[in-house]
Amino acid sequence: MILDQFKLDGKVAIVTGASRGLGQGMAMGLAEAGAKIVTVDRDPMGSTCALIDGTGEKCVSIQSDLVTQDGIPDIIETAHKAYGRIDILVNNAGIIRRAPLPEFTEKDWDDVININQKSLFFLSQAVAKYLIKQREGGKIVNIASMLSFQGGILVPSYTASKSAVMGLTRLMANELAPYNINVNAIAPGYMATDNTKALREDPDRNKAILDRIPAARWGEPKDLQGAVVFLASPASNYINGYTIAVDGGWLSR
């Protein structure tokens with residue numbers, strides 16, 4: 001039955017940036033599809049694991065700041081000790097810094113690139129090594145952005161990092177396909193999260209954004225659940241290196 005191809009029973013998924021927002025929503029979706037979850041965030045994640053426990057699935061939380069790669073070995077070790085395997089990685093952790101180009105600081109550049117791009121690659125590398133050794137394939141899902149396709153304004157390091165996410169998704173897909181590891185990405189549109197709070201609170205920017213979205217609303221974390229379950233499941237086994245926009249039609253305009 002086709003619906004069986006979307007089930008994640010017995011799978012183990014690591015989800016970064018899972019304490020709230022999009023990460024929490026995707027972790028919930030994966031759990032509801034049957035996966036055991038390892039949440040990673042620099043902030044405490046009691047509420048996320050409590051929600052996942054309510055689905056009947058198991059959840060282990062790891063508090064780790066991905067601004068450096070120091071915590072990556074512990075993420076892999078903790079997941080392995082908890083469940084004995086890893087099947088899925090969702091690279092959702094990310095930050096944004098806003099300032100006009102002439103005023104943008106080196107720290108704001110480095111902080112964003114380190115989390116959104118550098119740690120994404122090295123955590124993917126660590127999980128890929130584990131999956132190759134495990135010999136059962138796997139799924140890596142990167143979280144890209146509308147600014148993987150567009151330039152945007154006031155967010156140079158975010159645009160650079162999310163453009164890199166799309167490129168790295170393709171590269172990793174090419175290199176890992178021989179090991180039956182699928183690598184794809186989701187590009188959320190304008191979502192109601194902490195990262196977009198400043199935009200939603202600016203009447204002019206809020207109106208301009210909503211006027212362009214055919215769906216006429218900001219996205220919600222639950223809007224990504226179908227896409228992440230699909231890309232993490234056997235239903236997407238012949239999809240590799242692709243970035244799916246979940247944007248209410250933004251890019252169609």
# chains A, B, ... in the order shown; residues from 1 in each chain; ligands from 1

call {"tool": "residues_around", "arguments": {"residues": "stretch 97-100 of chain A", "least_positions_apart": "6", "cutoff": "10 Å", "atoms": "only C-alpha atoms", "output": "list in words"}}
result
Lys107, Asp108, Trp109, Asp111, Val112, Ile153, Leu154, Val155, Pro156, Ser157, Tyr158, Asn195 and Ala198 of chain A

call {"tool": "write_last_selection", "arguments": {"atoms": "C-alpha atoms", "output": "short mmCIF file (atom, residue, chain, number, x, y, z; two decimals), in the first residue's frame"}}
result
data_model
loop_
_atom_site.label_atom_id
_atom_site.label_comp_id
_atom_site.auth_asym_id
_atom_site.auth_seq_id
_atom_site.Cartn_x
_atom_site.Cartn_y
_atom_site.Cartn_z
CA LYS A 107 30.75 38.79 13.87
CA ASP A 108 27.26 38.75 12.38
CA TRP A 109 28.72 37.26 9.22
CA ASP A 111 27.97 33.56 13.50
CA VAL A 112 25.42 32.97 10.74
CA ILE A 153 17.86 42.69 1.57
CA LEU A 154 19.61 43.41 4.87
CA VAL A 155 20.65 39.77 5.43
CA PRO A 156 23.91 39.16 3.52
CA SER A 157 25.26 36.30 5.62
CA TYR A 158 21.87 34.57 5.75
CA ASN A 195 13.25 34.76 12.74
CA ALA A 198 10.61 41.84 12.94
#

call {"tool": "residues_around", "arguments": {"residues": "A:Leu224", "least_positions_apart": "2", "cutoff": "10 Å", "atoms": "only C-alpha atoms", "output": "list of chain:residue names"}}
result
A:Leu22, A:Gly23, A:Gly25, A:Met26, A:Gly29, A:Ile186, A:Ala187, A:Pro188, A:Gly189, A:Met191, A:Gly219, A:Glu220, A:Pro221, A:Lys222, A:Gly226, A:Ala227, A:Val228, A:Val229, A:Ala245, A:Val246, A:Asp247

call {"tool": "write_last_selection", "arguments": {"atoms": "C-alpha atoms", "output": "PDB file, in the first residue's frame"}}
result
ATOM      1  CA  LEU A  22       9.848  24.917  12.437  1.00  0.00           C
ATOM      2  CA  GLY A  23      12.173  22.411  14.089  1.00  0.00           C
ATOM      3  CA  GLY A  25       6.912  21.178  14.109  1.00  0.00           C
ATOM      4  CA  MET A  26       9.033  18.881  11.934  1.00  0.00           C
ATOM      5  CA  GLY A  29       5.595  15.309  12.232  1.00  0.00           C
ATOM      6  CA  ILE A 186      13.078  22.104   2.006  1.00  0.00           C
ATOM      7  CA  ALA A 187      12.902  25.840   1.356  1.00  0.00           C
ATOM      8  CA  PRO A 188      10.263  27.305   3.690  1.00  0.00           C
ATOM      9  CA  GLY A 189       8.530  30.438   2.544  1.00  0.00           C
ATOM     10  CA  MET A 191       6.885  31.434   8.104  1.00  0.00           C
ATOM     11  CA  GLY A 219       3.223  29.716   6.881  1.00  0.00           C
ATOM     12  CA  GLU A 220       3.049  27.719  10.105  1.00  0.00           C
ATOM     13  CA  PRO A 221       5.390  24.982  11.393  1.00  0.00           C
ATOM     14  CA  LYS A 222       2.763  22.336  10.607  1.00  0.00           C
ATOM     15  CA  GLY A 226       4.201  16.694   5.109  1.00  0.00           C
ATOM     16  CA  ALA A 227       7.329  17.662   3.189  1.00  0.00           C
ATOM     17  CA  VAL A 228       9.776  16.496   5.861  1.00  0.00           C
ATOM     18  CA  VAL A 229       7.997  13.169   6.379  1.00  0.00           C
ATOM     19  CA  ALA A 245       9.757  25.126  -1.825  1.00  0.00           C
ATOM     20  CA  VAL A 246       6.966  25.179   0.750  1.00  0.00           C
ATOM     21  CA  ASP A 247       6.063  28.812   0.289  1.00  0.00           C
TER      22      ASP A 247
END

call {"tool": "residues_around", "arguments": {"residues": "stretch 122-137 of chain A", "least_positions_apart": "6", "cutoff": "12 Å", "atoms": "only C-alpha atoms", "output": "JSON, numbers by chain"}}
result
{"A": [11, 12, 13, 14, 15, 16, 40, 66, 67, 68, 69, 70, 71, 72, 73, 74, 75, 76, 77, 79, 80, 84, 85, 86, 87, 88, 89, 90, 91, 92, 93, 114, 115, 116, 165, 168, 169, 171, 172, 173, 175, 176, 177, 178, 179, 180, 181, 182, 183, 184, 232, 233, 234, 237]}

call {"tool": "write_last_selection", "arguments": {"atoms": "C-alpha atoms", "output": "PDB file, in the first residue's frame"}}
result
ATOM      1  CA  LYS A  11      13.572   4.869  12.224  1.00  0.00           C
ATOM      2  CA  VAL A  12      15.645   7.306  14.283  1.00  0.00           C
ATOM      3  CA  ALA A  13      15.709  10.985  13.315  1.00  0.00           C
ATOM      4  CA  ILE A  14      18.027  13.747  14.542  1.00  0.00           C
ATOM      5  CA  VAL A  15      16.418  17.181  14.258  1.00  0.00           C
ATOM      6  CA  THR A  16      18.485  20.291  14.988  1.00  0.00           C
ATOM      7  CA  VAL A  40      19.312  19.190  19.247  1.00  0.00           C
ATOM      8  CA  LEU A  66      26.162  24.519  16.746  1.00  0.00           C
ATOM      9  CA  VAL A  67      28.052  27.785  16.399  1.00  0.00           C
ATOM     10  CA  THR A  68      31.051  25.421  16.662  1.00  0.00           C
ATOM     11  CA  GLN A  69      31.494  21.776  15.694  1.00  0.00           C
ATOM     12  CA  ASP A  70      32.677  20.721  19.152  1.00  0.00           C
ATOM     13  CA  GLY A  71      29.394  19.051  20.098  1.00  0.00           C
ATOM     14  CA  ILE A  72      28.956  16.985  16.929  1.00  0.00           C
ATOM     15  CA  PRO A  73      30.647  13.791  18.214  1.00  0.00           C
ATOM     16  CA  ASP A  74      28.400  13.871  21.295  1.00  0.00           C
ATOM     17  CA  ILE A  75      25.287  14.176  19.118  1.00  0.00           C
ATOM     18  CA  ILE A  76      26.223  11.029  17.202  1.00  0.00           C
ATOM     19  CA  GLU A  77      27.227   9.128  20.351  1.00  0.00           C
ATOM     20  CA  ALA A  79      21.797   9.071  19.393  1.00  0.00           C
ATOM     21  CA  HIS A  80      23.590   5.747  19.049  1.00  0.00           C
ATOM     22  CA  GLY A  84      21.390   1.904  18.513  1.00  0.00           C
ATOM     23  CA  ARG A  85      21.016   3.442  15.079  1.00  0.00           C
ATOM     24  CA  ILE A  86      20.532   6.664  13.062  1.00  0.00           C
ATOM     25  CA  ASP A  87      18.432   6.888   9.895  1.00  0.00           C
ATOM     26  CA  ILE A  88      17.480  10.524   9.328  1.00  0.00           C
ATOM     27  CA  LEU A  89      19.088  13.918   9.856  1.00  0.00           C
ATOM     28  CA  VAL A  90      17.127  17.162   9.568  1.00  0.00           C
ATOM     29  CA  ASN A  91      19.496  20.151   9.489  1.00  0.00           C
ATOM     30  CA  ASN A  92      17.132  22.854  10.688  1.00  0.00           C
ATOM     31  CA  ALA A  93      19.277  24.879  13.134  1.00  0.00           C
ATOM     32  CA  ASN A 114      29.122  28.951  11.224  1.00  0.00           C
ATOM     33  CA  ILE A 115      25.666  27.672  12.199  1.00  0.00           C
ATOM     34  CA  ASN A 116      23.758  27.753   8.921  1.00  0.00           C
ATOM     35  CA  VAL A 165      22.650  25.041   1.592  1.00  0.00           C
ATOM     36  CA  LEU A 168      25.688  21.573  -0.618  1.00  0.00           C
ATOM     37  CA  THR A 169      22.450  19.603  -0.906  1.00  0.00           C
ATOM     38  CA  LEU A 171      26.904  18.009  -3.784  1.00  0.00           C
ATOM     39  CA  MET A 172      26.071  15.703  -0.889  1.00  0.00           C
ATOM     40  CA  ALA A 173      23.365  14.017  -2.966  1.00  0.00           C
ATOM     41  CA  GLU A 175      28.498  11.855  -3.336  1.00  0.00           C
ATOM     42  CA  LEU A 176      26.199   9.889  -1.045  1.00  0.00           C
ATOM     43  CA  ALA A 177      23.822   8.356  -3.591  1.00  0.00           C
ATOM     44  CA  PRO A 178      26.089   5.290  -4.068  1.00  0.00           C
ATOM     45  CA  TYR A 179      25.502   4.507  -0.384  1.00  0.00           C
ATOM     46  CA  ASN A 180      21.700   4.703  -0.758  1.00  0.00           C
ATOM     47  CA  ILE A 181      21.640   7.979   1.183  1.00  0.00           C
ATOM     48  CA  ASN A 182      19.214  10.561  -0.180  1.00  0.00           C
ATOM     49  CA  VAL A 183      19.969  14.235   0.406  1.00  0.00           C
ATOM     50  CA  ASN A 184      17.301  16.839  -0.316  1.00  0.00           C
ATOM     51  CA  ALA A 232      12.547  11.220   5.257  1.00  0.00           C
ATOM     52  CA  SER A 233      10.486   8.257   4.078  1.00  0.00           C
ATOM     53  CA  PRO A 234      10.834   5.513   1.447  1.00  0.00           C
ATOM     54  CA  ASN A 237      13.720   7.112  -2.548  1.00  0.00           C
TER      55      ASN A 237
END

call {"tool": "closest_residue", "arguments": {"among": "A:Lys118, A:Val141, A:Gly34, A:Glu201", "to": "A:Gln5", "atoms": "only C-alpha atoms"}}
result
A:Gly34

call {"tool": "atom_distance", "arguments": {"atom1": "atom CA of A:Ser19", "atom2": "atom CA of A:Lys36"}}
result
16.0 Å

call {"tool": "atom_distance", "arguments": {"atom1": "atom CA of A:Ala164", "atom2": "atom CA of A:Ala144"}}
result
8.7 Å

call {"tool": "select_by_dssp", "arguments": {"residues": "stretch 79-250 of chain A", "states": "alpha helix (DSSP H)", "output": "ChimeraX atom specification"}}
result
/A:79-83,106-113,120-134,156-176,197-201,203-212,225-232

call {"tool": "closest_residue", "arguments": {"among": "A:Lys7, A:Arg20, A:Arg217, A:Lys139", "to": "A:Glu32", "atoms": "only C-alpha atoms"}}
result
A:Lys7

call {"tool": "closest_residue", "arguments": {"among": "A:Gly10, A:Gly249, A:Gly151, A:Gly94", "to": "A:Ala216", "atoms": "only C-alpha atoms"}}
result
A:Gly249

call {"tool": "closest_residue", "arguments": {"among": "A:Tyr242, A:Trp218, A:Arg212, A:Met166", "to": "A:Leu199", "atoms": "only C-alpha atoms"}}
result
A:Trp218

call {"tool": "select_by_dssp", "arguments": {"residues": "stretch 5-235 of chain A", "states": "strand (DSSP E or B)", "output": "PyMOL selection string"}}
result
chain A and resi 12-16+36-41+59-63+88-91+138-143+181-188+191+219

call {"tool": "decode", "arguments": {"residues": "stretch 28-54 of chain A", "atoms": "N, CA and C atoms", "output": "PDB file, in the first residue's frame"}}
result
ATOM      1  N   MET A  28       7.774  16.882  15.479  1.00  0.00           N
ATOM      2  CA  MET A  28       6.463  16.311  15.780  1.00  0.00           C
ATOM      3  C   MET A  28       5.930  15.496  14.606  1.00  0.00           C
ATOM      4  N   GLY A  29       6.074  16.027  13.407  1.00  0.00           N
ATOM      5  CA  GLY A  29       5.595  15.309  12.232  1.00  0.00           C
ATOM      6  C   GLY A  29       6.301  13.982  12.047  1.00  0.00           C
ATOM      7  N   LEU A  30       7.619  13.968  12.236  1.00  0.00           N
ATOM      8  CA  LEU A  30       8.386  12.727  12.108  1.00  0.00           C
ATOM      9  C   LEU A  30       7.973  11.718  13.181  1.00  0.00           C
ATOM     10  N   ALA A  31       7.747  12.207  14.400  1.00  0.00           N
ATOM     11  CA  ALA A  31       7.315  11.319  15.489  1.00  0.00           C
ATOM     12  C   ALA A  31       5.942  10.729  15.188  1.00  0.00           C
ATOM     13  N   GLU A  32       5.042  11.558  14.679  1.00  0.00           N
ATOM     14  CA  GLU A  32       3.701  11.069  14.365  1.00  0.00           C
ATOM     15  C   GLU A  32       3.725  10.041  13.237  1.00  0.00           C
ATOM     16  N   ALA A  33       4.782  10.097  12.399  1.00  0.00           N
ATOM     17  CA  ALA A  33       4.940   9.106  11.329  1.00  0.00           C
ATOM     18  C   ALA A  33       5.623   7.841  11.827  1.00  0.00           C
ATOM     19  N   GLY A  34       6.045   7.831  13.104  1.00  0.00           N
ATOM     20  CA  GLY A  34       6.588   6.621  13.699  1.00  0.00           C
ATOM     21  C   GLY A  34       8.046   6.656  14.092  1.00  0.00           C
ATOM     22  N   ALA A  35       8.736   7.784  13.845  1.00  0.00           N
ATOM     23  CA  ALA A  35      10.173   7.847  14.132  1.00  0.00           C
ATOM     24  C   ALA A  35      10.447   8.151  15.601  1.00  0.00           C
ATOM     25  N   LYS A  36      11.563   7.617  16.088  1.00  0.00           N
ATOM     26  CA  LYS A  36      12.105   8.025  17.373  1.00  0.00           C
ATOM     27  C   LYS A  36      12.962   9.266  17.116  1.00  0.00           C
ATOM     28  N   ILE A  37      12.952  10.207  18.051  1.00  0.00           N
ATOM     29  CA  ILE A  37      13.525  11.529  17.784  1.00  0.00           C
ATOM     30  C   ILE A  37      14.682  11.844  18.724  1.00  0.00           C
ATOM     31  N   VAL A  38      15.713  12.465  18.153  1.00  0.00           N
ATOM     32  CA  VAL A  38      16.785  13.089  18.922  1.00  0.00           C
ATOM     33  C   VAL A  38      16.736  14.578  18.579  1.00  0.00           C
ATOM     34  N   THR A  39      16.401  15.403  19.564  1.00  0.00           N
ATOM     35  CA  THR A  39      16.330  16.843  19.323  1.00  0.00           C
ATOM     36  C   THR A  39      17.641  17.489  19.754  1.00  0.00           C
ATOM     37  N   VAL A  40      18.073  18.462  18.968  1.00  0.00           N
ATOM     38  CA  VAL A  40      19.312  19.190  19.247  1.00  0.00           C
ATOM     39  C   VAL A  40      19.027  20.676  19.173  1.00  0.00           C
ATOM     40  N   ASP A  41      19.430  21.403  20.203  1.00  0.00           N
ATOM     41  CA  ASP A  41      19.264  22.856  20.199  1.00  0.00           C
ATOM     42  C   ASP A  41      20.150  23.441  21.290  1.00  0.00           C
ATOM     43  N   ARG A  42      20.482  24.723  21.138  1.00  0.00           N
ATOM     44  CA  ARG A  42      21.254  25.375  22.195  1.00  0.00           C
ATOM     45  C   ARG A  42      20.360  25.757  23.373  1.00  0.00           C
ATOM     46  N   ASP A  43      19.037  25.782  23.151  1.00  0.00           N
ATOM     47  CA  ASP A  43      18.074  26.096  24.207  1.00  0.00           C
ATOM     48  C   ASP A  43      17.469  24.814  24.760  1.00  0.00           C
ATOM     49  N   PRO A  44      16.970  24.834  26.007  1.00  0.00           N
ATOM     50  CA  PRO A  44      16.317  23.649  26.574  1.00  0.00           C
ATOM     51  C   PRO A  44      15.126  23.219  25.723  1.00  0.00           C
ATOM     52  N   MET A  45      14.854  21.904  25.669  1.00  0.00           N
ATOM     53  CA  MET A  45      13.810  21.389  24.782  1.00  0.00           C
ATOM     54  C   MET A  45      12.781  20.544  25.509  1.00  0.00           C
ATOM     55  N   GLY A  46      12.491  20.885  26.751  1.00  0.00           N
ATOM     56  CA  GLY A  46      11.524  20.113  27.504  1.00  0.00           C
ATOM     57  C   GLY A  46      10.170  20.033  26.838  1.00  0.00           C
ATOM     58  N   SER A  47       9.703  21.151  26.261  1.00  0.00           N
ATOM     59  CA  SER A  47       8.369  21.151  25.667  1.00  0.00           C
ATOM     60  C   SER A  47       8.309  20.284  24.428  1.00  0.00           C
ATOM     61  N   THR A  48       9.366  20.276  23.617  1.00  0.00           N
ATOM     62  CA  THR A  48       9.358  19.457  22.401  1.00  0.00           C
ATOM     63  C   THR A  48       9.304  17.978  22.747  1.00  0.00           C
ATOM     64  N   CYS A  49      10.153  17.543  23.669  1.00  0.00           N
ATOM     65  CA  CYS A  49      10.136  16.130  24.035  1.00  0.00           C
ATOM     66  C   CYS A  49       8.828  15.745  24.722  1.00  0.00           C
ATOM     67  N   ALA A  50       8.256  16.665  25.474  1.00  0.00           N
ATOM     68  CA  ALA A  50       6.966  16.374  26.117  1.00  0.00           C
ATOM     69  C   ALA A  50       5.883  16.172  25.062  1.00  0.00           C
ATOM     70  N   LEU A  51       5.893  16.993  24.026  1.00  0.00           N
ATOM     71  CA  LEU A  51       4.920  16.846  22.940  1.00  0.00           C
ATOM     72  C   LEU A  51       5.126  15.529  22.204  1.00  0.00           C
ATOM     73  N   ILE A  52       6.378  15.180  21.965  1.00  0.00           N
ATOM     74  CA  ILE A  52       6.669  13.933  21.266  1.00  0.00           C
ATOM     75  C   ILE A  52       6.286  12.727  22.118  1.00  0.00           C
ATOM     76  N   ASP A  53       6.562  12.804  23.408  1.00  0.00           N
ATOM     77  CA  ASP A  53       6.151  11.720  24.309  1.00  0.00           C
ATOM     78  C   ASP A  53       4.641  11.492  24.223  1.00  0.00           C
ATOM     79  N   GLY A  54       3.902  12.580  23.982  1.00  0.00           N
ATOM     80  CA  GLY A  54       2.452  12.475  23.867  1.00  0.00           C
ATOM     81  C   GLY A  54       1.993  11.715  22.640  1.00  0.00           C
TER      82      GLY A  54
END
